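Trainee: PDB, C-alpha atoms and all ligand atoms, saved as coords11.pdb, coming up:
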ATOM      1  CA  MET B   1      59.635 140.425  90.144
ATOM      2  CA  SER B   2      63.276 140.516  89.205
ATOM      3  CA  SER B   3      64.327 137.897  86.691
ATOM      4  CA  THR B   4      67.903 136.788  86.136
ATOM      5  CA  MET B   5      69.268 138.498  83.047
ATOM      6  CA  LEU B   6      72.968 137.834  83.381
ATOM      7  CA  ARG B   7      74.195 134.494  84.668
ATOM      8  CA  ILE B   8      77.889 133.737  85.009
ATOM      9  CA  SER B   9      78.855 130.252  85.969
ATOM     10  CA  GLU B  10      82.217 128.619  86.537
ATOM     11  CA  LEU B  11      83.995 131.336  84.593
ATOM     12  CA  ASN B  12      87.759 130.968  84.303
ATOM     13  CA  VAL B  13      89.888 133.562  82.526
ATOM     14  CA  PHE B  14      93.506 133.296  81.438
ATOM     15  CA  TYR B  15      96.067 135.802  80.182
ATOM     16  CA  GLY B  16      98.457 133.458  78.395
ATOM     17  CA  GLN B  17      99.634 131.013  81.074
ATOM     18  CA  ALA B  18      98.296 133.173  83.909
ATOM     19  CA  HIS B  19      95.059 131.796  85.325
ATOM     20  CA  THR B  20      93.554 135.109  86.491
ATOM     21  CA  LEU B  21      89.917 134.361  87.350
ATOM     22  CA  HIS B  22      88.900 131.113  89.057
ATOM     23  CA  ASP B  23      85.423 129.558  88.923
ATOM     24  CA  ILE B  24      83.436 132.778  89.108
ATOM     25  CA  SER B  25      79.666 132.359  89.400
ATOM     26  CA  LEU B  26      77.207 135.188  89.877
ATOM     27  CA  ASP B  27      73.768 136.319  88.733
ATOM     28  CA  VAL B  28      72.365 139.765  88.047
ATOM     29  CA  GLY B  29      68.628 140.258  87.753
ATOM     30  CA  SER B  30      66.638 142.936  86.000
ATOM     31  CA  GLU B  31      66.021 144.726  89.311
ATOM     32  CA  ASP B  32      69.334 144.013  90.995
ATOM     33  CA  ILE B  33      72.248 146.211  91.859
ATOM     34  CA  VAL B  34      75.237 143.943  92.382
ATOM     35  CA  PHE B  35      78.697 145.102  93.415
ATOM     36  CA  VAL B  36      81.964 143.283  92.858
ATOM     37  CA  LEU B  37      84.294 144.600  95.539
ATOM     38  CA  GLY B  38      88.038 144.271  95.668
ATOM     39  CA  LEU B  39      91.295 146.191  95.790
ATOM     40  CA  ASN B  40      93.529 146.911  92.794
ATOM     41  CA  GLY B  41      94.693 143.895  90.854
ATOM     42  CA  MET B  42      92.101 141.471  92.240
ATOM     43  CA  GLY B  43      90.470 140.903  88.842
ATOM     44  CA  LYS B  44      87.465 143.236  88.702
ATOM     45  CA  THR B  45      88.254 144.670  85.288
ATOM     46  CA  THR B  46      89.173 141.250  83.940
ATOM     47  CA  LEU B  47      85.778 139.936  85.043
ATOM     48  CA  LEU B  48      83.753 142.793  83.565
ATOM     49  CA  ARG B  49      85.751 142.730  80.323
ATOM     50  CA  ALA B  50      85.302 138.970  80.067
ATOM     51  CA  ILE B  51      81.525 139.416  80.339
ATOM     52  CA  MET B  52      81.668 141.976  77.520
ATOM     53  CA  GLY B  53      83.791 139.654  75.367
ATOM     54  CA  LEU B  54      86.749 142.019  75.654
ATOM     55  CA  THR B  55      89.353 139.812  77.311
ATOM     56  CA  PRO B  56      91.433 137.782  74.923
ATOM     57  CA  PRO B  57      92.590 135.185  74.584
ATOM     58  CA  ARG B  58      90.829 132.651  76.746
ATOM     59  CA  ALA B  59      87.703 132.443  78.860
ATOM     60  CA  ASP B  60      86.119 129.116  79.806
ATOM     61  CA  GLY B  61      82.785 128.504  81.472
ATOM     62  CA  SER B  62      79.453 130.123  80.794
ATOM     63  CA  VAL B  63      78.185 133.670  80.515
ATOM     64  CA  SER B  64      74.549 133.741  79.547
ATOM     65  CA  PHE B  65      72.469 136.809  78.906
ATOM     66  CA  ASN B  66      68.702 136.644  78.697
ATOM     67  CA  GLY B  67      69.011 132.868  78.327
ATOM     68  CA  GLN B  68      71.556 133.026  75.497
ATOM     69  CA  GLU B  69      75.181 131.860  75.777
ATOM     70  CA  ILE B  70      77.435 134.828  74.942
ATOM     71  CA  ILE B  71      80.868 133.699  76.084
ATOM     72  CA  HIS B  72      82.312 133.353  72.584
ATOM     73  CA  MET B  73      80.443 136.249  71.014
ATOM     74  CA  ARG B  74      82.150 139.395  69.809
ATOM     75  CA  PRO B  75      81.880 142.540  71.963
ATOM     76  CA  ASN B  76      79.659 144.385  69.488
ATOM     77  CA  GLN B  77      77.223 141.446  69.326
ATOM     78  CA  ILE B  78      77.131 141.334  73.117
ATOM     79  CA  ALA B  79      76.440 145.055  73.338
ATOM     80  CA  LEU B  80      73.651 144.721  70.755
ATOM     81  CA  LEU B  81      71.910 142.121  72.902
ATOM     82  CA  GLY B  82      71.519 144.749  75.626
ATOM     83  CA  LEU B  83      74.593 144.830  77.845
ATOM     84  CA  GLY B  84      75.730 148.417  78.430
ATOM     85  CA  TYR B  85      79.346 148.952  79.443
ATOM     86  CA  VAL B  86      81.064 151.878  81.165
ATOM     87  CA  PRO B  87      84.788 151.070  81.124
ATOM     88  CA  GLN B  88      87.242 151.959  83.838
ATOM     89  CA  GLY B  89      88.791 155.339  82.989
ATOM     90  CA  ARG B  90      85.787 156.226  80.782
ATOM     91  CA  LEU B  91      87.626 155.792  77.433
ATOM     92  CA  LEU B  92      85.917 158.658  75.629
ATOM     93  CA  PHE B  93      86.864 159.571  72.061
ATOM     94  CA  PRO B  94      88.976 162.761  71.786
ATOM     95  CA  SER B  95      87.700 163.435  68.265
ATOM     96  CA  LEU B  96      84.017 163.318  69.248
ATOM     97  CA  SER B  97      81.993 166.071  70.889
ATOM     98  CA  VAL B  98      79.682 165.348  73.809
ATOM     99  CA  ALA B  99      76.676 165.392  71.466
ATOM    100  CA  GLU B 100      78.391 163.060  68.983
ATOM    101  CA  HIS B 101      79.140 160.503  71.701
ATOM    102  CA  LEU B 102      75.427 160.369  72.426
ATOM    103  CA  THR B 103      74.032 160.455  68.894
ATOM    104  CA  LEU B 104      76.479 157.907  67.472
ATOM    105  CA  PHE B 105      75.710 155.355  70.170
ATOM    106  CA  TYR B 106      71.967 156.019  70.309
ATOM    107  CA  ARG B 107      69.954 152.964  69.474
ATOM    108  CA  ASN B 108      66.259 152.547  69.726
ATOM    109  CA  ARG B 109      66.070 149.125  71.300
ATOM    110  CA  SER B 110      62.469 148.378  71.973
ATOM    111  CA  GLU B 111      59.107 150.071  72.060
ATOM    112  CA  LYS B 112      58.314 148.075  75.160
ATOM    113  CA  LEU B 113      60.973 149.636  77.381
ATOM    114  CA  GLU B 114      59.429 151.814  80.031
ATOM    115  CA  GLN B 115      62.290 154.260  79.887
ATOM    116  CA  LYS B 116      63.666 154.951  76.489
ATOM    117  CA  TRP B 117      67.005 156.662  76.656
ATOM    118  CA  THR B 118      67.744 159.262  74.010
ATOM    119  CA  PRO B 119      70.423 161.978  73.867
ATOM    120  CA  GLU B 120      67.699 164.338  75.116
ATOM    121  CA  SER B 121      66.823 162.207  78.148
ATOM    122  CA  VAL B 122      70.534 161.911  78.992
ATOM    123  CA  TYR B 123      70.728 165.736  78.966
ATOM    124  CA  GLU B 124      67.741 165.828  81.302
ATOM    125  CA  LEU B 125      69.496 163.393  83.643
ATOM    126  CA  PHE B 126      72.839 165.208  83.439
ATOM    127  CA  PRO B 127      72.130 168.888  82.561
ATOM    128  CA  ALA B 128      75.845 169.742  82.755
ATOM    129  CA  LEU B 129      76.330 167.753  79.544
ATOM    130  CA  ARG B 130      73.838 169.852  77.585
ATOM    131  CA  ASP B 131      75.767 173.020  78.394
ATOM    132  CA  ARG B 132      78.913 171.419  77.033
ATOM    133  CA  SER B 133      77.428 169.459  74.150
ATOM    134  CA  LYS B 134      79.654 170.949  71.464
ATOM    135  CA  ILE B 135      83.041 170.428  73.053
ATOM    136  CA  SER B 136      85.211 167.321  72.926
ATOM    137  CA  GLY B 137      84.252 164.749  75.522
ATOM    138  CA  THR B 138      87.827 164.547  76.730
ATOM    139  CA  LEU B 139      87.839 168.266  77.676
ATOM    140  CA  LEU B 140      85.173 167.746  80.320
ATOM    141  CA  SER B 141      85.890 167.528  84.055
ATOM    142  CA  GLY B 142      86.315 164.031  85.494
ATOM    143  CA  GLY B 143      82.743 163.966  86.796
ATOM    144  CA  GLU B 144      81.307 165.188  83.504
ATOM    145  CA  GLN B 145      83.352 162.604  81.620
ATOM    146  CA  GLN B 146      81.863 159.884  83.774
ATOM    147  CA  MET B 147      78.352 161.267  83.127
ATOM    148  CA  LEU B 148      79.082 161.122  79.403
ATOM    149  CA  ALA B 149      80.463 157.575  79.613
ATOM    150  CA  ILE B 150      77.274 156.556  81.449
ATOM    151  CA  GLY B 151      75.124 158.480  78.962
ATOM    152  CA  ARG B 152      76.893 156.758  76.068
ATOM    153  CA  ALA B 153      75.960 153.397  77.582
ATOM    154  CA  LEU B 154      72.388 154.469  78.391
ATOM    155  CA  VAL B 155      71.545 155.563  74.837
ATOM    156  CA  THR B 156      72.123 151.980  73.714
ATOM    157  CA  ASN B 157      69.096 151.232  75.944
ATOM    158  CA  PRO B 158      70.726 148.359  77.818
ATOM    159  CA  LYS B 159      68.898 145.738  79.844
ATOM    160  CA  ILE B 160      71.847 145.470  82.224
ATOM    161  CA  LEU B 161      74.433 148.190  82.821
ATOM    162  CA  ILE B 162      77.985 147.179  83.707
ATOM    163  CA  MET B 163      80.212 149.858  85.232
ATOM    164  CA  ASP B 164      83.867 149.423  86.127
ATOM    165  CA  GLU B 165      84.798 151.586  89.139
ATOM    166  CA  PRO B 166      82.505 154.432  88.071
ATOM    167  CA  THR B 167      83.123 156.434  91.258
ATOM    168  CA  GLU B 168      86.937 156.306  91.070
ATOM    169  CA  GLY B 169      88.465 159.695  91.845
ATOM    170  CA  LEU B 170      85.157 161.563  91.846
ATOM    171  CA  SER B 171      83.601 163.937  94.374
ATOM    172  CA  PRO B 172      80.824 162.852  96.766
ATOM    173  CA  VAL B 173      78.284 164.902  94.779
ATOM    174  CA  ILE B 174      79.080 163.072  91.556
ATOM    175  CA  ILE B 175      79.201 159.708  93.334
ATOM    176  CA  HIS B 176      75.714 160.412  94.676
ATOM    177  CA  LEU B 177      74.504 161.250  91.180
ATOM    178  CA  ILE B 178      75.901 157.990  89.794
ATOM    179  CA  LEU B 179      74.281 155.955  92.566
ATOM    180  CA  GLU B 180      70.958 157.739  92.020
ATOM    181  CA  THR B 181      71.180 156.848  88.339
ATOM    182  CA  CYS B 182      71.539 153.159  89.218
ATOM    183  CA  ARG B 183      68.518 153.446  91.476
ATOM    184  CA  LYS B 184      66.429 155.023  88.723
ATOM    185  CA  LEU B 185      67.498 152.294  86.326
ATOM    186  CA  ARG B 186      66.496 149.613  88.789
ATOM    187  CA  GLU B 187      63.021 151.158  88.991
ATOM    188  CA  THR B 188      62.713 150.762  85.232
ATOM    189  CA  GLY B 189      63.820 147.128  85.305
ATOM    190  CA  VAL B 190      67.440 147.691  84.335
ATOM    191  CA  GLY B 191      69.880 145.998  86.701
ATOM    192  CA  SER B 192      73.481 147.079  87.296
ATOM    193  CA  LEU B 193      76.725 145.255  87.925
ATOM    194  CA  LEU B 194      79.405 147.555  89.318
ATOM    195  CA  SER B 195      82.956 147.146  90.493
ATOM    196  CA  GLU B 196      84.113 149.217  93.424
ATOM    197  CA  GLN B 197      86.923 149.486  95.975
ATOM    198  CA  ASN B 198      85.068 151.472  98.556
ATOM    199  CA  MET B 199      82.741 149.586 100.872
ATOM    200  CA  GLU B 200      80.791 152.716 101.867
ATOM    201  CA  VAL B 201      79.783 153.371  98.288
ATOM    202  CA  ALA B 202      78.567 149.812  97.858
ATOM    203  CA  ALA B 203      76.760 149.895 101.201
ATOM    204  CA  ALA B 204      74.737 152.910 100.042
ATOM    205  CA  LEU B 205      73.196 151.052  97.162
ATOM    206  CA  ALA B 206      73.929 147.371  96.700
ATOM    207  CA  ASP B 207      71.292 144.664  96.814
ATOM    208  CA  ARG B 208      74.139 142.168  96.886
ATOM    209  CA  ALA B 209      77.895 142.377  97.044
ATOM    210  CA  LEU B 210      80.649 139.931  96.225
ATOM    211  CA  ILE B 211      84.265 140.183  97.214
ATOM    212  CA  LEU B 212      86.952 139.331  94.722
ATOM    213  CA  GLU B 213      90.328 138.333  96.141
ATOM    214  CA  THR B 214      93.095 137.473  93.654
ATOM    215  CA  GLY B 215      90.689 136.143  91.084
ATOM    216  CA  ARG B 216      88.355 134.231  93.390
ATOM    217  CA  LEU B 217      85.026 135.196  94.878
ATOM    218  CA  VAL B 218      85.595 134.834  98.612
ATOM    219  CA  HIS B 219      82.342 136.185  99.950
ATOM    220  CA  GLU B 220      78.842 136.952  98.768
ATOM    221  CA  SER B 221      76.061 138.478 100.778
ATOM    222  CA  ASN B 222      73.340 141.065 100.885
ATOM    223  CA  MET B 223      74.429 144.465 102.138
ATOM    224  CA  GLU B 224      72.547 144.244 105.428
ATOM    225  CA  ASP B 225      74.800 141.391 106.445
ATOM    226  CA  PHE B 226      77.834 143.492 105.624
ATOM    227  CA  ALA B 227      76.568 146.503 107.506
ATOM    228  CA  ASN B 228      75.480 144.614 110.604
ATOM    229  CA  ALA B 229      78.334 142.226 111.152
ATOM    230  CA  ASP B 230      81.339 143.879 112.764
ATOM    231  CA  GLU B 231      83.238 140.634 112.536
ATOM    232  CA  LEU B 232      82.642 140.512 108.850
ATOM    233  CA  LYS B 233      83.732 144.129 108.571
ATOM    234  CA  ASP B 234      86.995 143.365 110.372
ATOM    235  CA  ASP B 235      87.546 140.507 108.015
ATOM    236  CA  MET B 236      86.697 142.668 105.030
ATOM    237  CA  GLY B 237      89.289 145.234 106.092
ATOM    238  CA  LYS B 238      91.864 142.943 104.499
ATOM    239  CA  TYR B 239      90.170 143.283 101.150
ATOM    240  CA  LEU B 240      88.640 146.719 101.020
ATOM    241  CA  GLN B 241      88.805 150.409 101.758
ATOM    242  CA  PHE B 242      86.396 151.815 104.316
TER     243      PHE B 242
HETATM  244  N1  LIG N   1      96.181 142.467  79.654
HETATM  245  C1  LIG N   1      96.683 141.785  80.682
HETATM  246  N2  LIG N   1      97.650 140.845  80.488
HETATM  247  C2  LIG N   1      98.151 140.135  81.544
HETATM  248  N3  LIG N   1      97.767 140.279  82.810
HETATM  249  C3  LIG N   1      96.837 141.198  83.066
HETATM  250  C4  LIG N   1      96.223 141.994  82.032
HETATM  251  N4  LIG N   1      95.323 142.822  82.589
HETATM  252  C5  LIG N   1      95.336 142.549  83.909
HETATM  253  N5  LIG N   1      96.223 141.593  84.202
HETATM  254  C6  LIG N   1      96.496 141.020  85.541
HETATM  255  O1  LIG N   1      95.288 140.420  85.993
HETATM  256  C7  LIG N   1      95.115 140.659  87.383
HETATM  257  C8  LIG N   1      93.774 141.340  87.611
HETATM  258  O2  LIG N   1      93.814 142.648  87.048
HETATM  259  P1  LIG N   1      92.518 143.556  86.905
HETATM  260  O3  LIG N   1      91.423 142.733  86.363
HETATM  261  O4  LIG N   1      92.907 144.774  86.149
HETATM  262  O5  LIG N   1      92.208 143.916  88.426
HETATM  263  P2  LIG N   1      91.355 145.113  89.066
HETATM  264  O6  LIG N   1      90.444 145.643  88.001
HETATM  265  O7  LIG N   1      90.626 144.480  90.206
HETATM  266  O8  LIG N   1      92.331 146.150  89.510
HETATM  267  C9  LIG N   1      96.304 141.478  87.824
HETATM  268  O9  LIG N   1      97.256 140.596  88.378
HETATM  269  C10 LIG N   1      96.816 142.086  86.551
HETATM  270  O10 LIG N   1      98.196 142.332  86.632
HETATM  271 MG    MG N   2      90.180 147.557  87.315
END
So that I can check it, write out the structure of this file as structure tokens.
Ligand SMILES: Nc1ncnc2c1ncn2[C@@H]1O[C@H](COP(=O)(O)OP(=O)(O)O)[C@@H](O)[C@H]1O
Ligand SMILES: [Mg+2]
Mentor:
Amino acid sequence: MSSTMLRISELNVFYGQAHTLHDISLDVGSEDIVFVLGLNGMGKTTLLRAIMGLTPPRADGSVSFNGQEIIHMRPNQIALLGLGYVPQGRLLFPSLSVAEHLTLFYRNRSEKLEQKWTPESVYELFPALRDRSKISGTLLSGGEQQMLAIGRALVTNPKILIMDEPTEGLSPVIIHLILETCRKLRETGVGSLLSEQNMEVAAALADRALILETGRLVHESNMEDFANADELKDDMGKYLQF
């Protein structure tokens, strides 16, 4: 059974005087794939960065991970607890090769994990990376860069993987590969929280989806409700791409 790993409640985030996120509450379990949907500027990145402790200067409310309050922890402490993060735009290091990205971030979390991610198992998942292991990560194609950004998060052996618009600008083949990766993770008890602008992508995979509209969650439901309700779809057209 899926247990709640990440619990966000009444989260409010401010950039200076700007109150950007309002009373956000959501849960992600160890066998959940949850999408936060919304167009540009609605607050997806702010939310995911706030969870990772990356949004200064002010976040109020509660973010708990595995029962522990993390809202005022530093990003590296949060990552060490088992939250993997794939930032929007990948943010690879130009001075590091593909192999170095994987070996430097590799961390052997727990003997008990069913799937232990190593640089080798990332190469098995994404063979294209093995062929290019010696070149700089930033010289890869967009799809390969995203595989590397995901691989870099996987080798930390996270309990929950957070990905900010991982499909942005990528081909259907690569999008499929990313979604399959989330599915495999779910089978091993690793849940995912993803942000996305495209409803079709979310519909292919999500257990639950939430819609973010100018910093507020305006709708939450399971994907069957989204897919079956034309009315809801019409309504969602205001917020999303189809
Ligand atoms: N560093 C920042 N300082 C001030 N405002 C910001 C900052 N980053 C984002 N914002 C504002 O916060 C809102 C949400 O942005 P963002 O979280 O990037 O949305 P999304 O990821 O959904 O495109 C936008 O109005 C944006 O202009
Ligand atoms: Mg964003």
Trainee: If you count only C-alpha atoms and all ligand atoms, which residues end up within 8 Å of ligand MG 2 (chain N), as a ChimeraX atom specification?
Mentor: /B:40-41,43-46,88,164-165,195
Trainee: Would you kindly translate the PyMOL selection byres (((not hetatm)) within 10 of (chain N and resi 1)) into the concrete residues it picks from this file, as number ranges by chain?
Mentor: B: 13-21, 36-50, 55-57, 88, 164-165, 195-197, 212-215
Trainee: Pick the closest to Ile160 of chain B from B:Pro127, B:Pro119, B:Gly189, B:Gly89: which is it, counting only C-alpha atoms?
Mentor: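 Of B:Pro127, B:Pro119, B:Gly189, B:Gly89, the one nearest Ile160 of chain B is B:Gly189, counting only C-alpha atoms.
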Trainee: Identify all residues satisfying the PyMOL selection byres (((chain B and resi 84) around 7) and not hetatm) in the given file; provide them as a list in words.
Mentor: Ala79, Gly82, Leu83, Tyr85, Val86, Ala153, Leu154, Thr156, Pro158, Ile160, Leu161 and Ile162 of chain B
Trainee: Considering all atoms listed in the file, state which residue in the set B:Glu69, B:Val28, B:Gln77, B:Ile150 is at the smallest distance from Arg208 of chain B.
Mentor: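 Of the candidates, the smallest distance to Arg208 of chain B is held by B:Val28.
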Trainee: Taking the file as shown, find all residues satisfying the PyMOL selection byres (((chain B and resi 166) around 12) and not hetatm) and write them as number ranges by chain.
Mentor: B: 35, 45, 85-91, 142-150, 161-165, 167-171, 174-179, 181-182, 192-198, 201-202
Trainee: Just the number, please: distance in Å from atom CA of Ala206 of chain B to atom CA of His72 of chain B, one decimal.
Mentor: 29.1 Å
Trainee: Provide the atom CA of Ala128 of chain B to atom CA of Ile33 of chain B distance in Å, to one decimal place.
Mentor: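 Between these atoms lies a distance of 25.5 Å.
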Trainee: Find the distance between atom CA of Asp207 of chain B and atom CA of Ile71 of chain B and write it in Å to one decimal.
Mentor: 25.3 Å
Trainee: Taking the point (83.3, 161.8, 74.3) as given in the file, collect each protein or nucleic acid residue that comes within 8 Å of it, counting only C-alpha atoms, and present the set as a PyMOL selection string.
Mentor: chain B and resi 92-98+100-101+136-138+145+148-149
Trainee: Tell me which of B:Asp60, B:Ser3, B:Tyr123, B:Gly53 sits closest to Asp23 of chain B, counting all atoms listed in the file.
Mentor: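 Of the candidates, the smallest distance to Asp23 of chain B is held by B:Asp60.
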Trainee: Nearest residue to Ala209 of chain B out of B:Asp27, B:Thr188, B:Asn66, B:Ile8, using all atoms listed in the file?
Mentor: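 Nearest candidate to Ala209 of chain B out of B:Asp27, B:Thr188, B:Asn66, B:Ile8: B:Asp27.
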Trainee: Between B:Gly67, B:Pro172, B:Gly191, B:Pro75, which one has atoms that come closest to Arg7 of chain B, using all atoms listed in the file?
Mentor: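 Result for the nearest residue to Arg7 of chain B: B:Gly67.
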Trainee: Taking into account all atoms listed in the file, which residue in the set B:Leu26, B:Val190, B:Leu102, B:Met5 is nearest to Leu210 of chain B?
Mentor: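 Nearest candidate to Leu210 of chain B out of B:Leu26, B:Val190, B:Leu102, B:Met5: B:Leu26.
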Trainee: Give the padded box for segment 138-157 of chain B as JSON: axis-aligned, covering all atoms listed in the file, 5 Å on each side, centre and edge lengths in Å to one decimal.
Mentor:
{"center_x": 78.5, "center_y": 159.7, "center_z": 80.3, "size_x": 28.7, "size_y": 27.0, "size_z": 23.1}
Trainee: Can we get segment 40-62 of chain B of that structure written down with N, CA and C atoms, as a CSV table (one decimal), in the first residue's frame?
Mentor:
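part-v2.csv, written as the output of this step:
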chain,number,residue,atom,x,y,z
B,40,ASN,N,2.5,28.8,-18.0
B,40,ASN,CA,3.6,29.6,-17.6
B,40,ASN,C,3.2,30.6,-16.6
B,41,GLY,N,4.0,30.8,-15.5
B,41,GLY,CA,3.8,31.9,-14.6
B,41,GLY,C,2.8,31.6,-13.5
B,42,MET,N,2.3,30.4,-13.5
B,42,MET,CA,1.2,30.0,-12.5
B,42,MET,C,1.8,29.7,-11.1
B,43,GLY,N,3.1,29.3,-11.1
B,43,GLY,CA,3.7,29.0,-9.8
B,43,GLY,C,4.3,27.6,-9.6
B,44,LYS,N,4.3,26.9,-10.7
B,44,LYS,CA,4.8,25.5,-10.6
B,44,LYS,C,6.2,25.4,-10.1
B,45,THR,N,7.1,26.2,-10.7
B,45,THR,CA,8.5,26.1,-10.3
B,45,THR,C,8.7,26.6,-8.9
B,46,THR,N,8.0,27.7,-8.6
B,46,THR,CA,8.0,28.2,-7.2
B,46,THR,C,7.6,27.1,-6.2
B,47,LEU,N,6.6,26.4,-6.5
B,47,LEU,CA,6.2,25.3,-5.6
B,47,LEU,C,7.2,24.2,-5.4
B,48,LEU,N,7.8,23.7,-6.5
B,48,LEU,CA,8.7,22.6,-6.5
B,48,LEU,C,10.0,23.1,-5.8
B,49,ARG,N,10.4,24.3,-6.1
B,49,ARG,CA,11.6,24.9,-5.5
B,49,ARG,C,11.4,25.1,-4.0
B,50,ALA,N,10.2,25.5,-3.6
B,50,ALA,CA,9.9,25.7,-2.2
B,50,ALA,C,10.0,24.3,-1.4
B,51,ILE,N,9.5,23.3,-2.1
B,51,ILE,CA,9.6,22.0,-1.4
B,51,ILE,C,11.1,21.6,-1.2
B,52,MET,N,11.9,21.9,-2.2
B,52,MET,CA,13.3,21.6,-2.1
B,52,MET,C,14.2,22.5,-1.3
B,53,GLY,N,13.5,23.5,-0.7
B,53,GLY,CA,14.2,24.5,0.1
B,53,GLY,C,15.0,25.5,-0.7
B,54,LEU,N,14.6,25.7,-2.0
B,54,LEU,CA,15.4,26.5,-2.9
B,54,LEU,C,14.8,27.9,-3.1
B,55,THR,N,13.6,28.2,-2.5
B,55,THR,CA,13.0,29.5,-2.8
B,55,THR,C,13.2,30.5,-1.6
B,56,PRO,N,14.2,31.3,-1.7
B,56,PRO,CA,14.2,32.4,-0.6
B,56,PRO,C,13.2,33.5,-1.0
B,57,PRO,N,12.8,34.4,-0.1
B,57,PRO,CA,13.3,34.3,1.2
B,57,PRO,C,12.3,33.7,2.2
B,58,ARG,N,11.0,33.6,1.7
B,58,ARG,CA,10.0,33.2,2.8
B,58,ARG,C,9.0,32.2,2.3
B,59,ALA,N,8.9,31.1,3.1
B,59,ALA,CA,7.9,30.1,2.9
B,59,ALA,C,7.3,29.8,4.3
B,60,ASP,N,5.9,29.9,4.4
B,60,ASP,CA,5.2,29.6,5.6
B,60,ASP,C,4.4,28.4,5.4
B,61,GLY,N,4.1,27.7,6.5
B,61,GLY,CA,3.2,26.5,6.4
B,61,GLY,C,4.1,25.3,6.7
B,62,SER,N,3.7,24.1,6.1
B,62,SER,CA,4.4,22.9,6.5
B,62,SER,C,4.7,22.1,5.2
